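Undergrad: My structure is stored as run-v2.cif, with mmCIF, C-alpha atoms and all ligand atoms.
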data_protein
loop_
_atom_site.label_atom_id
_atom_site.label_comp_id
_atom_site.auth_asym_id
_atom_site.auth_seq_id
_atom_site.Cartn_x
_atom_site.Cartn_y
_atom_site.Cartn_z
CA MET Y 1 7.94 1.88 26.62
CA LEU Y 2 7.97 -1.77 27.63
CA TYR Y 3 4.65 -3.53 28.04
CA GLU Y 4 4.08 -6.33 30.52
CA ILE Y 5 3.71 -9.61 28.65
CA GLN Y 6 0.46 -11.36 29.55
CA THR Y 7 0.88 -15.04 30.29
CA TYR Y 8 -1.35 -18.09 30.37
CA GLY Y 9 -4.32 -17.61 32.69
CA LYS Y 10 -4.91 -13.94 31.83
CA ASP Y 11 -8.40 -13.31 30.41
CA VAL Y 12 -7.08 -11.05 27.64
CA LEU Y 13 -5.54 -14.07 25.88
CA ARG Y 14 -9.06 -15.53 25.57
CA THR Y 15 -10.87 -12.29 24.66
CA ASP Y 16 -12.27 -11.33 21.22
CA THR Y 17 -10.12 -8.83 19.29
CA LYS Y 18 -11.42 -5.79 17.42
CA GLN Y 19 -10.57 -4.54 13.92
CA ILE Y 20 -8.47 -1.37 13.87
CA PRO Y 21 -10.57 1.25 12.01
CA GLU Y 22 -7.81 3.84 11.62
CA ILE Y 23 -4.03 3.59 11.87
CA ASP Y 24 -3.49 6.75 13.91
CA ASP Y 25 -0.60 7.89 16.11
CA SER Y 26 -1.83 5.83 19.06
CA ILE Y 27 -1.67 2.63 16.96
CA LYS Y 28 1.82 3.62 15.72
CA GLN Y 29 2.91 4.11 19.32
CA ILE Y 30 1.53 0.69 20.30
CA VAL Y 31 3.41 -0.92 17.39
CA SER Y 32 6.65 0.79 18.43
CA ASN Y 33 6.18 -0.34 22.04
CA MET Y 34 5.37 -3.88 20.92
CA PHE Y 35 8.64 -4.14 18.98
CA GLU Y 36 10.53 -2.79 22.00
CA THR Y 37 8.80 -5.32 24.27
CA MET Y 38 9.42 -8.19 21.83
CA TYR Y 39 13.12 -7.39 21.44
CA ALA Y 40 13.58 -7.05 25.21
CA ALA Y 41 12.09 -10.54 25.62
CA GLU Y 42 14.15 -11.84 22.66
CA GLY Y 43 11.00 -12.96 20.85
CA VAL Y 44 10.52 -12.95 17.09
CA GLY Y 45 6.73 -12.46 17.09
CA LEU Y 46 4.26 -10.70 19.40
CA ALA Y 47 0.49 -10.24 19.14
CA ALA Y 48 -1.51 -7.38 20.70
CA PRO Y 49 -3.43 -9.59 23.21
CA GLN Y 50 -0.05 -10.60 24.67
CA VAL Y 51 0.39 -6.99 25.79
CA ASP Y 52 -3.18 -6.64 27.07
CA LYS Y 53 -4.67 -5.06 23.94
CA SER Y 54 -7.71 -6.70 22.31
CA ILE Y 55 -7.03 -5.42 18.79
CA ARG Y 56 -6.17 -7.17 15.52
CA LEU Y 57 -2.46 -6.48 15.26
CA PHE Y 58 0.77 -8.46 15.48
CA VAL Y 59 4.42 -7.80 14.80
CA ILE Y 60 7.14 -10.15 13.58
CA ASP Y 61 10.90 -9.79 13.09
CA LEU Y 62 12.70 -12.90 11.90
CA SER Y 63 15.96 -11.09 11.13
CA PRO Y 64 17.83 -12.84 14.00
CA LEU Y 65 17.05 -16.16 12.29
CA GLU Y 66 16.80 -15.55 8.56
CA GLU Y 67 18.59 -13.47 5.97
CA ASN Y 68 16.67 -10.78 4.10
CA GLU Y 69 14.06 -10.54 6.85
CA GLU Y 70 13.07 -7.31 8.53
CA LYS Y 71 10.43 -5.88 10.84
CA ARG Y 72 6.90 -6.71 9.74
CA VAL Y 73 3.60 -5.26 10.98
CA PHE Y 74 0.27 -7.02 10.33
CA ILE Y 75 -2.85 -4.92 10.93
CA ASN Y 76 -6.37 -6.37 10.50
CA PRO Y 77 -4.93 -9.59 9.05
CA GLU Y 78 -7.04 -12.31 7.54
CA ILE Y 79 -5.63 -15.72 6.67
CA TYR Y 80 -8.06 -16.81 4.00
CA ALA Y 81 -6.46 -19.93 2.53
CA PHE Y 82 -4.28 -22.77 3.80
CA GLY Y 83 -2.17 -25.17 1.71
CA GLU Y 84 -2.77 -28.92 1.94
CA GLU Y 85 0.75 -29.81 3.03
CA LYS Y 86 1.45 -29.84 6.78
CA GLY Y 87 4.68 -29.49 8.68
CA GLU Y 88 5.87 -29.92 12.27
CA TYR Y 89 7.89 -27.50 14.37
CA GLU Y 90 8.62 -27.17 18.07
CA GLU Y 91 6.97 -23.89 19.05
CA GLY Y 92 7.39 -21.68 22.07
CA CYS Y 93 5.41 -18.61 23.11
CA LEU Y 94 6.24 -15.64 25.32
CA SER Y 95 2.86 -16.17 27.02
CA LEU Y 96 3.73 -19.80 27.82
CA PRO Y 97 7.20 -19.54 29.37
CA THR Y 98 9.27 -22.76 29.54
CA ILE Y 99 6.79 -24.75 27.38
CA ARG Y 100 7.92 -25.98 23.97
CA GLU Y 101 5.89 -28.51 22.01
CA THR Y 102 5.70 -29.77 18.45
CA VAL Y 103 2.77 -28.24 16.57
CA THR Y 104 1.47 -29.40 13.17
CA ARG Y 105 0.38 -26.62 10.82
CA PRO Y 106 -0.12 -26.02 7.09
CA THR Y 107 3.17 -25.00 5.46
CA THR Y 108 1.63 -22.38 3.15
CA ILE Y 109 -1.03 -19.72 3.67
CA ARG Y 110 -2.56 -16.76 1.91
CA ILE Y 111 -3.02 -13.64 4.00
CA LYS Y 112 -4.49 -10.17 3.53
CA TYR Y 113 -3.42 -7.42 5.90
CA GLN Y 114 -2.60 -3.73 6.18
CA ASP Y 115 0.86 -2.39 6.94
CA LEU Y 116 1.63 0.58 9.19
CA ASP Y 117 0.90 2.97 6.31
CA GLY Y 118 -2.52 1.42 5.82
CA LYS Y 119 -1.48 -0.17 2.53
CA LEU Y 120 -3.33 -3.42 1.72
CA HIS Y 121 -1.29 -6.54 1.04
CA ASP Y 122 -2.38 -9.91 -0.30
CA GLU Y 123 0.45 -12.45 -0.10
CA ALA Y 124 1.21 -16.14 -0.39
CA VAL Y 125 3.61 -17.08 2.41
CA ASP Y 126 5.55 -20.26 3.14
CA GLY Y 127 8.48 -21.40 5.25
CA PHE Y 128 9.12 -20.28 8.80
CA LEU Y 129 7.31 -16.98 8.25
CA ALA Y 130 4.08 -18.88 7.47
CA ARG Y 131 4.50 -20.77 10.76
CA VAL Y 132 5.06 -17.62 12.81
CA ILE Y 133 2.17 -15.76 11.13
CA GLN Y 134 -0.22 -18.62 11.99
CA HIS Y 135 0.96 -18.64 15.61
CA GLU Y 136 0.47 -14.87 15.98
CA TYR Y 137 -2.83 -14.93 14.09
CA ASP Y 138 -4.03 -17.60 16.53
CA HIS Y 139 -3.47 -15.11 19.37
CA LEU Y 140 -5.97 -12.77 17.67
CA GLU Y 141 -8.41 -15.69 17.52
CA LYS Y 142 -8.02 -16.41 21.28
CA THR Y 143 -6.03 -19.54 20.51
CA LEU Y 144 -2.73 -20.65 22.07
CA PHE Y 145 -0.42 -23.23 20.54
CA ILE Y 146 -1.19 -25.69 23.33
CA ASP Y 147 -4.79 -25.78 22.02
CA HIS Y 148 -3.44 -27.64 18.97
CA LEU Y 149 -1.98 -30.47 21.07
CA SER Y 150 -3.67 -33.76 21.92
CA SER Y 151 -5.62 -33.82 25.20
CA LEU Y 152 -3.02 -36.27 26.56
CA LYS Y 153 -0.16 -33.88 25.78
CA ARG Y 154 -2.11 -31.00 27.31
CA SER Y 155 -2.84 -32.94 30.47
CA LEU Y 156 0.89 -33.61 30.87
CA LEU Y 157 1.45 -29.83 30.78
CA LYS Y 158 -1.17 -29.11 33.42
CA LYS Y 159 1.23 -28.62 36.34
CA THR Y 160 3.40 -26.23 34.35
CA LEU Y 161 0.34 -24.32 33.13
CA ASN Y 162 -0.89 -23.94 36.71
CA LYS Y 163 2.52 -22.58 37.72
CA ILE Y 164 2.39 -20.02 34.90
CA ALA Y 165 -1.17 -19.00 35.84
CA SER Y 166 -0.17 -18.55 39.50
CA GLY Y 167 2.89 -16.48 38.58
CA GLU Y 168 5.35 -19.08 39.83
CA ILE Y 169 6.86 -19.25 36.34
CA GLU Y 170 7.46 -15.85 34.75
CA VAL Y 171 8.45 -14.54 31.32
CA GLU Y 172 12.19 -14.60 30.84
CA ALA Y 173 14.21 -13.58 27.83
CA SER Y 174 15.52 -16.82 26.36
CA GLU Y 175 17.61 -17.69 23.36
CA ASN Y 176 14.79 -19.72 21.89
CA PHE Y 177 13.21 -16.94 19.83
CA GLU Y 178 9.68 -17.39 21.19
CA LEU Y 179 6.57 -16.49 19.20
NI NI J 1 2.70 -16.73 21.17
#
What would you get if you wrote out this structure as structure tokens?
Ligand code: NI

TA:
Amino acid sequence: MLYEIQTYGKDVLRTDTKQIPEIDDSIKQIVSNMFETMYAAEGVGLAAPQVDKSIRLFVIDLSPLEENEEKRVFINPEIYAFGEEKGEYEEGCLSLPTIRETVTRPTTIRIKYQDLDGKLHDEAVDGFLARVIQHEYDHLEKTLFIDHLSSLKRSLLKKTLNKIASGEIEVEASENFEL
């Protein structure tokens, strides 16, 4: 089942998210639907608030971009350490159609999370995966990538943001592998 992707202006993107106490069949169904929705939109990452669910869950699949990557599910994630080094990358987001801006983020992180079987993981991550995890994790923290931009940059995006909020610009599958 495809979910409707929630775009800039929807309250759910700015709402607190709840821990998932038990990974039951309903959570597994949500995960399955999120992958379906992400693939249909040609994204490589999707967080629960983007499909109107205020729970701490995101999915990532970088296999269209990187070898040896596969579907990944992050439940109740916690990024608990960031490396000192920072890197830049032009990010996009399914909830911010047509906007792409350079965002500076730490290049390495440490994250704890549960997988779909409830197994706990504690991993050091770098490279593009670290970038995508931070972007999706931000969604769980009510943060969008535009929040990381300077106020000048954000003010230049105002017209486009208003068009997204009014529905004039809609989500479209693109070949940009949005997050
Ligand atoms: Ni996003």

Undergrad: Which residues are near ligand NI 1 (chain J) - at most 6 Å, using all atoms listed in the file? Format: as JSON, numbers by chain.

TA: {"Y": [93, 94, 95, 136, 179]}

Undergrad: Can you tell me which residues surround Y:Asp16 at a distance of at most 12 Å, considering only C-alpha atoms, apart from same-chain residues fewer than 2 positions away, and format the answer as a list in words?

TA: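 Selected residues are Asp11, Val12, Leu13, Arg14, Lys18, Gln19, Ala48, Pro49, Asp52, Lys53, Ser54, Ile55, Arg56, Asp138, His139, Leu140, Glu141, Lys142 and Thr143 of chain Y.
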
Undergrad: Mind pulling up the distance from atom CA of Y:Leu96 to atom CA of Y:Ile20?

TA: 26.1 Å

Undergrad: Point out the residue among Y:Gln114, Y:Ser26, Y:Thr17, Y:Gln50 with the least atom-to-atom distance to Y:Glu4, counting all atoms listed in the file.

TA: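 Nearest to Y:Glu4: Y:Gln50.
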
Undergrad: In terms of the shortest atom-to-atom distance over all atoms listed in the file, which of Y:Leu157, Y:Val44, Y:Leu62, Y:Ile79 is closest to Y:Gly127?

TA: Y:Leu62

Undergrad: So which residues are close to (15.2, -7.8, 12.2), meaning at most 10 Å away in the file's coordinates with all atoms listed in the file counted, and can you show them as a PyMOL selection string?

TA: chain Y and resi 39+44+60-72

Undergrad: Calculated over all atoms listed in the file, which of the candidates Y:Asp115, Y:Glu123, Y:Asp147, Y:Glu168 has the smallest distance to Y:Pro97?

TA: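 Answer, going by the shortest atom-to-atom distance: Y:Glu168.
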
Undergrad: Because the input lacks atoms here, generate N, CA, C and O atoms for stretch 3-21 of chain Y and report them as a PDB file, keeping the file's coordinate frame.

TA:
ATOM      1  N   TYR Y   3       5.916  -3.006  27.522  1.00  0.00           N
ATOM      2  CA  TYR Y   3       4.650  -3.530  28.040  1.00  0.00           C
ATOM      3  C   TYR Y   3       4.935  -4.772  28.899  1.00  0.00           C
ATOM      4  O   TYR Y   3       5.942  -5.459  28.695  1.00  0.00           O
ATOM      5  N   GLU Y   4       3.994  -5.078  29.771  1.00  0.00           N
ATOM      6  CA  GLU Y   4       4.080  -6.330  30.520  1.00  0.00           C
ATOM      7  C   GLU Y   4       3.480  -7.437  29.655  1.00  0.00           C
ATOM      8  O   GLU Y   4       2.366  -7.298  29.149  1.00  0.00           O
ATOM      9  N   ILE Y   5       4.225  -8.506  29.475  1.00  0.00           N
ATOM     10  CA  ILE Y   5       3.710  -9.610  28.650  1.00  0.00           C
ATOM     11  C   ILE Y   5       2.722 -10.439  29.471  1.00  0.00           C
ATOM     12  O   ILE Y   5       3.002 -10.838  30.598  1.00  0.00           O
ATOM     13  N   GLN Y   6       1.548 -10.623  28.881  1.00  0.00           N
ATOM     14  CA  GLN Y   6       0.460 -11.360  29.550  1.00  0.00           C
ATOM     15  C   GLN Y   6       0.655 -12.857  29.324  1.00  0.00           C
ATOM     16  O   GLN Y   6       0.840 -13.289  28.184  1.00  0.00           O
ATOM     17  N   THR Y   7       0.627 -13.601  30.396  1.00  0.00           N
ATOM     18  CA  THR Y   7       0.880 -15.040  30.290  1.00  0.00           C
ATOM     19  C   THR Y   7      -0.387 -15.856  30.512  1.00  0.00           C
ATOM     20  O   THR Y   7      -1.422 -15.327  30.920  1.00  0.00           O
ATOM     21  N   TYR Y   8      -0.249 -17.135  30.254  1.00  0.00           N
ATOM     22  CA  TYR Y   8      -1.350 -18.090  30.370  1.00  0.00           C
ATOM     23  C   TYR Y   8      -2.140 -17.853  31.665  1.00  0.00           C
ATOM     24  O   TYR Y   8      -1.543 -17.707  32.732  1.00  0.00           O
ATOM     25  N   GLY Y   9      -3.457 -17.834  31.525  1.00  0.00           N
ATOM     26  CA  GLY Y   9      -4.320 -17.610  32.690  1.00  0.00           C
ATOM     27  C   GLY Y   9      -4.958 -16.234  32.669  1.00  0.00           C
ATOM     28  O   GLY Y   9      -5.995 -16.013  33.301  1.00  0.00           O
ATOM     29  N   LYS Y  10      -4.341 -15.284  31.931  1.00  0.00           N
ATOM     30  CA  LYS Y  10      -4.910 -13.940  31.830  1.00  0.00           C
ATOM     31  C   LYS Y  10      -6.080 -13.949  30.827  1.00  0.00           C
ATOM     32  O   LYS Y  10      -5.954 -14.493  29.726  1.00  0.00           O
ATOM     33  N   ASP Y  11      -7.177 -13.321  31.237  1.00  0.00           N
ATOM     34  CA  ASP Y  11      -8.400 -13.310  30.410  1.00  0.00           C
ATOM     35  C   ASP Y  11      -8.157 -12.732  29.010  1.00  0.00           C
ATOM     36  O   ASP Y  11      -8.792 -13.141  28.044  1.00  0.00           O
ATOM     37  N   VAL Y  12      -7.267 -11.740  28.921  1.00  0.00           N
ATOM     38  CA  VAL Y  12      -7.080 -11.050  27.640  1.00  0.00           C
ATOM     39  C   VAL Y  12      -6.638 -12.006  26.531  1.00  0.00           C
ATOM     40  O   VAL Y  12      -6.929 -11.782  25.354  1.00  0.00           O
ATOM     41  N   LEU Y  13      -5.977 -13.103  26.896  1.00  0.00           N
ATOM     42  CA  LEU Y  13      -5.540 -14.070  25.880  1.00  0.00           C
ATOM     43  C   LEU Y  13      -6.700 -14.876  25.323  1.00  0.00           C
ATOM     44  O   LEU Y  13      -6.552 -15.574  24.315  1.00  0.00           O
ATOM     45  N   ARG Y  14      -7.856 -14.783  26.008  1.00  0.00           N
ATOM     46  CA  ARG Y  14      -9.060 -15.530  25.570  1.00  0.00           C
ATOM     47  C   ARG Y  14     -10.209 -14.576  25.273  1.00  0.00           C
ATOM     48  O   ARG Y  14     -11.376 -14.941  25.385  1.00  0.00           O
ATOM     49  N   THR Y  15      -9.867 -13.329  24.918  1.00  0.00           N
ATOM     50  CA  THR Y  15     -10.870 -12.290  24.660  1.00  0.00           C
ATOM     51  C   THR Y  15     -10.917 -11.981  23.159  1.00  0.00           C
ATOM     52  O   THR Y  15      -9.877 -11.957  22.495  1.00  0.00           O
ATOM     53  N   ASP Y  16     -12.130 -11.721  22.628  1.00  0.00           N
ATOM     54  CA  ASP Y  16     -12.270 -11.330  21.220  1.00  0.00           C
ATOM     55  C   ASP Y  16     -11.442 -10.086  20.913  1.00  0.00           C
ATOM     56  O   ASP Y  16     -11.348  -9.183  21.740  1.00  0.00           O
ATOM     57  N   THR Y  17     -10.892 -10.016  19.696  1.00  0.00           N
ATOM     58  CA  THR Y  17     -10.120  -8.830  19.290  1.00  0.00           C
ATOM     59  C   THR Y  17     -10.904  -8.022  18.266  1.00  0.00           C
ATOM     60  O   THR Y  17     -11.674  -8.569  17.479  1.00  0.00           O
ATOM     61  N   LYS Y  18     -10.674  -6.703  18.300  1.00  0.00           N
ATOM     62  CA  LYS Y  18     -11.420  -5.790  17.420  1.00  0.00           C
ATOM     63  C   LYS Y  18     -10.568  -5.339  16.231  1.00  0.00           C
ATOM     64  O   LYS Y  18      -9.352  -5.140  16.365  1.00  0.00           O
ATOM     65  N   GLN Y  19     -11.225  -5.143  15.084  1.00  0.00           N
ATOM     66  CA  GLN Y  19     -10.570  -4.540  13.920  1.00  0.00           C
ATOM     67  C   GLN Y  19     -10.074  -3.146  14.296  1.00  0.00           C
ATOM     68  O   GLN Y  19     -10.678  -2.468  15.130  1.00  0.00           O
ATOM     69  N   ILE Y  20      -9.008  -2.714  13.651  1.00  0.00           N
ATOM     70  CA  ILE Y  20      -8.470  -1.370  13.870  1.00  0.00           C
ATOM     71  C   ILE Y  20      -9.006  -0.473  12.747  1.00  0.00           C
ATOM     72  O   ILE Y  20      -8.629  -0.642  11.582  1.00  0.00           O
ATOM     73  N   PRO Y  21      -9.920   0.464  13.070  1.00  0.00           N
ATOM     74  CA  PRO Y  21     -10.570   1.250  12.010  1.00  0.00           C
ATOM     75  C   PRO Y  21      -9.638   2.269  11.372  1.00  0.00           C
ATOM     76  O   PRO Y  21      -9.760   2.571  10.179  1.00  0.00           O
TER      77      PRO Y  21
END
